[in-house]
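Report on the structure given below.
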Amino acid sequence: MNEETKNLLRQITEGIQDKKGKKIVVADLTHIDDSICNYFIICQGNSPSQVTAIVESVTDFTRKGAQVKPFGIDGMRNATWVAMDYADVLVHVFLPEAREFYDLEHLWADAKLTSIPDLD
């Protein structure tokens, strides 16, 4: 993993933690053929307003700390599942019930999953 990607993953994680996002998982997809990106970062917020705050925080942290803006953000209208596209990294911010329903960690079970402890 190059330094730019490492820094981007760190900035995204710090942006999530800054707004008390929980159950952060980094899925390394680099060894999976035909995957749409190299990394997924999956986390959750407890309400639509917290999900929105996490997305805004990640945008701020990546802009300031990695000089990168997302190519797209989808799902802000109802904020049950927001996807942020950073090309090599896709960030998924869920409400708990949506995260459970879509179960991305299970879908990408071949990926190397790294859980990041909650900051409490």
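How things are named: the first chain in the structure tokens is A, the next is B, and so on; residues count from 1 in each chain; ligands count from 1 in the order shown.
For A:Ala87, the set of protein, DNA and RNA residues having any atom at most 10 Å away, when counting only C-alpha atoms and skipping those fewer than 2 positions along the same chain, is Ile36, Cys37, Asn38, Tyr39, Pro70, Phe71, Gly72, Met84, Asp85, Val89 and Leu90 of chain A.
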Inset, instruction - Mind checking which residues fall within 9 Å of stretch 48-55 of chain A, counting only C-alpha atoms, ignoring those fewer than 3 positions away in the same chain, and posting them as a PyMOL selection string? - result: chain A and resi 15-21+44-45+58-60+73+76+78-84+91+93-95
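Of the residues under consideration (A:Thr62, A:Trp108, A:Glu100, A:Leu119), A:Thr62 shows the shortest atom-to-atom contact distance to A:Arg10 when counting only C-alpha atoms.
Comparing A:Ala66, A:Ile12, A:Leu104, A:Ala111 by their smallest distance to A:Thr30, the closest is A:Ala111 (using only C-alpha atoms).
The space between atom CA of A:Gly65 and atom CA of A:Asn7 spans 7.8 Å.
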Inset, instruction - Write out as a VMD selection string each polymer residue whose atoms come within 12 Å of A:Ala109, counting only C-alpha atoms; drop sequence neighbours fewer than 3 positions from it. - result: chain A and resid 27 to 29 32 103 to 106 112 to 114
Could those selected residues go to a file with all heavy atoms, as a PDB file, in the first residue's frame?
ATOM      1  N   ALA A  27     -11.962  -3.241   4.819  1.00  0.00           N
ATOM      2  CA  ALA A  27     -11.879  -4.457   4.008  1.00  0.00           C
ATOM      3  C   ALA A  27     -10.840  -4.240   2.923  1.00  0.00           C
ATOM      4  O   ALA A  27     -10.974  -3.338   2.092  1.00  0.00           O
ATOM      5  CB  ALA A  27     -13.240  -4.767   3.388  1.00  0.00           C
ATOM      6  N   ASP A  28      -9.785  -5.051   2.953  1.00  0.00           N
ATOM      7  CA  ASP A  28      -8.717  -4.983   1.955  1.00  0.00           C
ATOM      8  C   ASP A  28      -9.092  -5.901   0.791  1.00  0.00           C
ATOM      9  O   ASP A  28      -9.101  -7.119   0.931  1.00  0.00           O
ATOM     10  CB  ASP A  28      -7.400  -5.419   2.599  1.00  0.00           C
ATOM     11  CG  ASP A  28      -6.225  -5.371   1.647  1.00  0.00           C
ATOM     12  OD1 ASP A  28      -6.440  -5.295   0.422  1.00  0.00           O
ATOM     13  OD2 ASP A  28      -5.083  -5.422   2.132  1.00  0.00           O
ATOM     14  N   LEU A  29      -9.408  -5.286  -0.351  1.00  0.00           N
ATOM     15  CA  LEU A  29      -9.854  -6.036  -1.522  1.00  0.00           C
ATOM     16  C   LEU A  29      -8.757  -6.159  -2.576  1.00  0.00           C
ATOM     17  O   LEU A  29      -9.015  -6.586  -3.699  1.00  0.00           O
ATOM     18  CB  LEU A  29     -11.071  -5.340  -2.156  1.00  0.00           C
ATOM     19  CG  LEU A  29     -12.219  -4.976  -1.214  1.00  0.00           C
ATOM     20  CD1 LEU A  29     -13.262  -4.148  -1.945  1.00  0.00           C
ATOM     21  CD2 LEU A  29     -12.847  -6.207  -0.607  1.00  0.00           C
ATOM     22  N   ILE A  32      -8.371  -9.439  -4.477  1.00  0.00           N
ATOM     23  CA  ILE A  32      -9.583 -10.018  -5.061  1.00  0.00           C
ATOM     24  C   ILE A  32      -9.708  -9.531  -6.509  1.00  0.00           C
ATOM     25  O   ILE A  32      -9.755  -8.324  -6.756  1.00  0.00           O
ATOM     26  CB  ILE A  32     -10.837  -9.626  -4.244  1.00  0.00           C
ATOM     27  CG1 ILE A  32     -10.722 -10.216  -2.835  1.00  0.00           C
ATOM     28  CG2 ILE A  32     -12.107 -10.107  -4.948  1.00  0.00           C
ATOM     29  CD1 ILE A  32     -11.833  -9.813  -1.913  1.00  0.00           C
ATOM     30  N   ASP A 103     -25.136  -6.328   4.980  1.00  0.00           N
ATOM     31  CA  ASP A 103     -24.070  -7.225   5.429  1.00  0.00           C
ATOM     32  C   ASP A 103     -22.875  -7.287   4.463  1.00  0.00           C
ATOM     33  O   ASP A 103     -22.489  -8.363   4.003  1.00  0.00           O
ATOM     34  CB  ASP A 103     -24.665  -8.618   5.650  1.00  0.00           C
ATOM     35  CG  ASP A 103     -23.762  -9.508   6.491  1.00  0.00           C
ATOM     36  OD1 ASP A 103     -22.785  -8.985   7.081  1.00  0.00           O
ATOM     37  OD2 ASP A 103     -24.028 -10.716   6.561  1.00  0.00           O
ATOM     38  N   LEU A 104     -22.313  -6.113   4.162  1.00  0.00           N
ATOM     39  CA  LEU A 104     -21.197  -6.053   3.204  1.00  0.00           C
ATOM     40  C   LEU A 104     -19.993  -6.876   3.640  1.00  0.00           C
ATOM     41  O   LEU A 104     -19.311  -7.470   2.807  1.00  0.00           O
ATOM     42  CB  LEU A 104     -20.754  -4.599   2.986  1.00  0.00           C
ATOM     43  CG  LEU A 104     -21.726  -3.682   2.275  1.00  0.00           C
ATOM     44  CD1 LEU A 104     -21.074  -2.337   2.014  1.00  0.00           C
ATOM     45  CD2 LEU A 104     -22.230  -4.287   0.980  1.00  0.00           C
ATOM     46  N   GLU A 105     -19.752  -6.928   4.947  1.00  0.00           N
ATOM     47  CA  GLU A 105     -18.605  -7.708   5.425  1.00  0.00           C
ATOM     48  C   GLU A 105     -18.736  -9.167   5.007  1.00  0.00           C
ATOM     49  O   GLU A 105     -17.767  -9.805   4.633  1.00  0.00           O
ATOM     50  CB  GLU A 105     -18.475  -7.640   6.954  1.00  0.00           C
ATOM     51  CG  GLU A 105     -18.078  -6.292   7.498  1.00  0.00           C
ATOM     52  CD  GLU A 105     -19.244  -5.440   7.971  1.00  0.00           C
ATOM     53  OE1 GLU A 105     -20.342  -5.525   7.384  1.00  0.00           O
ATOM     54  OE2 GLU A 105     -19.065  -4.672   8.918  1.00  0.00           O
ATOM     55  N   HIS A 106     -19.968  -9.690   5.061  1.00  0.00           N
ATOM     56  CA  HIS A 106     -20.195 -11.080   4.671  1.00  0.00           C
ATOM     57  C   HIS A 106     -20.086 -11.245   3.154  1.00  0.00           C
ATOM     58  O   HIS A 106     -19.529 -12.225   2.666  1.00  0.00           O
ATOM     59  CB  HIS A 106     -21.563 -11.553   5.168  1.00  0.00           C
ATOM     60  CG  HIS A 106     -21.840 -12.984   4.850  1.00  0.00           C
ATOM     61  ND1 HIS A 106     -21.223 -14.023   5.504  1.00  0.00           N
ATOM     62  CD2 HIS A 106     -22.640 -13.553   3.915  1.00  0.00           C
ATOM     63  CE1 HIS A 106     -21.645 -15.168   5.002  1.00  0.00           C
ATOM     64  NE2 HIS A 106     -22.498 -14.912   4.029  1.00  0.00           N
ATOM     65  N   LYS A 112      -9.579  -9.257   3.380  1.00  0.00           N
ATOM     66  CA  LYS A 112      -8.949  -9.216   4.697  1.00  0.00           C
ATOM     67  C   LYS A 112      -9.648  -8.094   5.462  1.00  0.00           C
ATOM     68  O   LYS A 112      -9.605  -6.928   5.068  1.00  0.00           O
ATOM     69  CB  LYS A 112      -7.459  -8.915   4.549  1.00  0.00           C
ATOM     70  CG  LYS A 112      -6.723  -8.818   5.872  1.00  0.00           C
ATOM     71  CD  LYS A 112      -5.223  -8.577   5.630  1.00  0.00           C
ATOM     72  CE  LYS A 112      -4.495  -8.439   6.943  1.00  0.00           C
ATOM     73  NZ  LYS A 112      -4.643  -7.109   7.540  1.00  0.00           N
ATOM     74  N   LEU A 113     -10.345  -8.453   6.552  1.00  0.00           N
ATOM     75  CA  LEU A 113     -11.116  -7.483   7.331  1.00  0.00           C
ATOM     76  C   LEU A 113     -10.336  -7.067   8.572  1.00  0.00           C
ATOM     77  O   LEU A 113      -9.835  -7.911   9.305  1.00  0.00           O
ATOM     78  CB  LEU A 113     -12.470  -8.075   7.751  1.00  0.00           C
ATOM     79  CG  LEU A 113     -13.395  -8.522   6.617  1.00  0.00           C
ATOM     80  CD1 LEU A 113     -14.667  -9.133   7.185  1.00  0.00           C
ATOM     81  CD2 LEU A 113     -13.723  -7.375   5.680  1.00  0.00           C
ATOM     82  N   THR A 114     -10.244  -5.768   8.793  1.00  0.00           N
ATOM     83  CA  THR A 114      -9.576  -5.234   9.968  1.00  0.00           C
ATOM     84  C   THR A 114     -10.572  -4.377  10.728  1.00  0.00           C
ATOM     85  O   THR A 114     -11.091  -3.393  10.176  1.00  0.00           O
ATOM     86  CB  THR A 114      -8.365  -4.369   9.561  1.00  0.00           C
ATOM     87  OG1 THR A 114      -7.499  -5.138   8.731  1.00  0.00           O
ATOM     88  CG2 THR A 114      -7.601  -3.885  10.785  1.00  0.00           C
TER      89      THR A 114
END
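Comparing A:Ser57, A:Tyr102, A:Lys64, A:Ile116 by their smallest distance to A:Ile41, the closest is A:Ile116 (using only C-alpha atoms).
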Inset, instruction - List every residue of stretch 17-108 of chain A that DSSP, applied to the backbone of this structure, assigns to helix (DSSP H, G or I), and report them as a ChimeraX atom specification. - result: /A:17-18,48-65,96-102,104-107
Legend entry - Those of chain A in DSSP strand (DSSP E), formatted as a PyMOL selection string: chain A and resi 22-28+39-44+72-74+81-85+89-94+112-116
Take the residues that were just selected and, keeping N, CA and C atoms, output them as an mmCIF file, in the first residue's frame.
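In the end it all went to result.cif:
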data_model
loop_
_atom_site.group_PDB
_atom_site.id
_atom_site.type_symbol
_atom_site.label_atom_id
_atom_site.label_comp_id
_atom_site.auth_asym_id
_atom_site.auth_seq_id
_atom_site.Cartn_x
_atom_site.Cartn_y
_atom_site.Cartn_z
ATOM 1 N N LYS A 22 -19.195 4.210 14.742
ATOM 2 C CA LYS A 22 -18.890 2.956 15.449
ATOM 3 C C LYS A 22 -18.648 1.793 14.495
ATOM 4 N N LYS A 23 -18.051 0.745 15.067
ATOM 5 C CA LYS A 23 -17.841 -0.538 14.383
ATOM 6 C C LYS A 23 -17.195 -0.345 13.009
ATOM 7 N N ILE A 24 -16.060 0.340 13.007
ATOM 8 C CA ILE A 24 -15.347 0.603 11.758
ATOM 9 C C ILE A 24 -14.621 -0.668 11.315
ATOM 10 N N VAL A 25 -14.824 -1.033 10.057
ATOM 11 C CA VAL A 25 -14.140 -2.182 9.467
ATOM 12 C C VAL A 25 -13.503 -1.734 8.160
ATOM 13 N N VAL A 26 -12.220 -2.074 8.001
ATOM 14 C CA VAL A 26 -11.524 -1.830 6.736
ATOM 15 C C VAL A 26 -11.413 -3.174 6.023
ATOM 16 N N ALA A 27 -11.962 -3.241 4.819
ATOM 17 C CA ALA A 27 -11.879 -4.457 4.008
ATOM 18 C C ALA A 27 -10.840 -4.240 2.923
ATOM 19 N N ASP A 28 -9.785 -5.051 2.953
ATOM 20 C CA ASP A 28 -8.717 -4.983 1.955
ATOM 21 C C ASP A 28 -9.092 -5.901 0.791
ATOM 22 N N TYR A 39 -10.184 -0.828 -1.377
ATOM 23 C CA TYR A 39 -10.569 -0.866 0.039
ATOM 24 C C TYR A 39 -12.003 -0.409 0.213
ATOM 25 N N PHE A 40 -12.690 -1.072 1.140
ATOM 26 C CA PHE A 40 -13.969 -0.595 1.659
ATOM 27 C C PHE A 40 -13.703 -0.154 3.089
ATOM 28 N N ILE A 41 -14.299 0.939 3.494
ATOM 29 C CA ILE A 41 -14.359 1.267 4.913
ATOM 30 C C ILE A 41 -15.836 1.317 5.255
ATOM 31 N N ILE A 42 -16.220 0.522 6.234
ATOM 32 C CA ILE A 42 -17.623 0.384 6.621
ATOM 33 C C ILE A 42 -17.760 0.836 8.068
ATOM 34 N N CYS A 43 -18.780 1.632 8.340
ATOM 35 C CA CYS A 43 -19.027 2.055 9.719
ATOM 36 C C CYS A 43 -20.503 2.356 9.880
ATOM 37 N N GLN A 44 -20.873 2.770 11.088
ATOM 38 C CA GLN A 44 -22.278 3.098 11.310
ATOM 39 C C GLN A 44 -22.438 4.262 12.273
ATOM 40 N N GLY A 72 -17.852 11.135 -5.644
ATOM 41 C CA GLY A 72 -19.303 11.170 -5.519
ATOM 42 C C GLY A 72 -19.721 10.730 -4.141
ATOM 43 N N ILE A 73 -20.897 11.221 -3.738
ATOM 44 C CA ILE A 73 -21.505 10.810 -2.471
ATOM 45 C C ILE A 73 -22.958 10.495 -2.791
ATOM 46 N N ASP A 74 -23.399 9.300 -2.418
ATOM 47 C CA ASP A 74 -24.764 8.893 -2.744
ATOM 48 C C ASP A 74 -25.483 8.420 -1.485
ATOM 49 N N TRP A 81 -27.947 4.685 4.318
ATOM 50 C CA TRP A 81 -26.698 4.112 3.795
ATOM 51 C C TRP A 81 -26.118 5.142 2.839
ATOM 52 N N VAL A 82 -24.997 5.712 3.214
ATOM 53 C CA VAL A 82 -24.332 6.691 2.357
ATOM 54 C C VAL A 82 -23.026 6.078 1.863
ATOM 55 N N ALA A 83 -22.824 6.148 0.556
ATOM 56 C CA ALA A 83 -21.586 5.655 -0.046
ATOM 57 C C ALA A 83 -20.777 6.847 -0.533
ATOM 58 N N MET A 84 -19.483 6.834 -0.210
ATOM 59 C CA MET A 84 -18.560 7.890 -0.629
ATOM 60 C C MET A 84 -17.495 7.252 -1.512
ATOM 61 N N ASP A 85 -17.296 7.811 -2.708
ATOM 62 C CA ASP A 85 -16.388 7.223 -3.687
ATOM 63 C C ASP A 85 -15.082 8.017 -3.754
ATOM 64 N N VAL A 89 -10.871 3.769 -2.764
ATOM 65 C CA VAL A 89 -11.493 3.518 -1.464
ATOM 66 C C VAL A 89 -12.972 3.905 -1.539
ATOM 67 N N LEU A 90 -13.840 2.980 -1.136
ATOM 68 C CA LEU A 90 -15.263 3.298 -0.999
ATOM 69 C C LEU A 90 -15.611 3.289 0.485
ATOM 70 N N VAL A 91 -16.260 4.355 0.931
ATOM 71 C CA VAL A 91 -16.656 4.480 2.327
ATOM 72 C C VAL A 91 -18.158 4.251 2.398
ATOM 73 N N HIS A 92 -18.582 3.377 3.325
ATOM 74 C CA HIS A 92 -19.998 3.080 3.515
ATOM 75 C C HIS A 92 -20.364 3.453 4.946
ATOM 76 N N VAL A 93 -21.304 4.391 5.083
ATOM 77 C CA VAL A 93 -21.765 4.817 6.402
ATOM 78 C C VAL A 93 -23.233 4.404 6.508
ATOM 79 N N PHE A 94 -23.513 3.520 7.450
ATOM 80 C CA PHE A 94 -24.835 2.924 7.583
ATOM 81 C C PHE A 94 -25.527 3.321 8.888
ATOM 82 N N LYS A 112 -9.579 -9.257 3.380
ATOM 83 C CA LYS A 112 -8.949 -9.216 4.697
ATOM 84 C C LYS A 112 -9.648 -8.094 5.462
ATOM 85 N N LEU A 113 -10.345 -8.453 6.552
ATOM 86 C CA LEU A 113 -11.116 -7.483 7.331
ATOM 87 C C LEU A 113 -10.336 -7.067 8.572
ATOM 88 N N THR A 114 -10.244 -5.768 8.793
ATOM 89 C CA THR A 114 -9.576 -5.234 9.968
ATOM 90 C C THR A 114 -10.572 -4.377 10.728
ATOM 91 N N SER A 115 -10.855 -4.750 11.978
ATOM 92 C CA SER A 115 -11.766 -3.946 12.808
ATOM 93 C C SER A 115 -10.962 -2.900 13.558
ATOM 94 N N ILE A 116 -11.485 -1.686 13.583
ATOM 95 C CA ILE A 116 -10.833 -0.606 14.309
ATOM 96 C C ILE A 116 -11.651 -0.358 15.570
#
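Distance-wise, atom CA of A:Asp34 and atom CA of A:Pro117 end up 29.5 Å apart.
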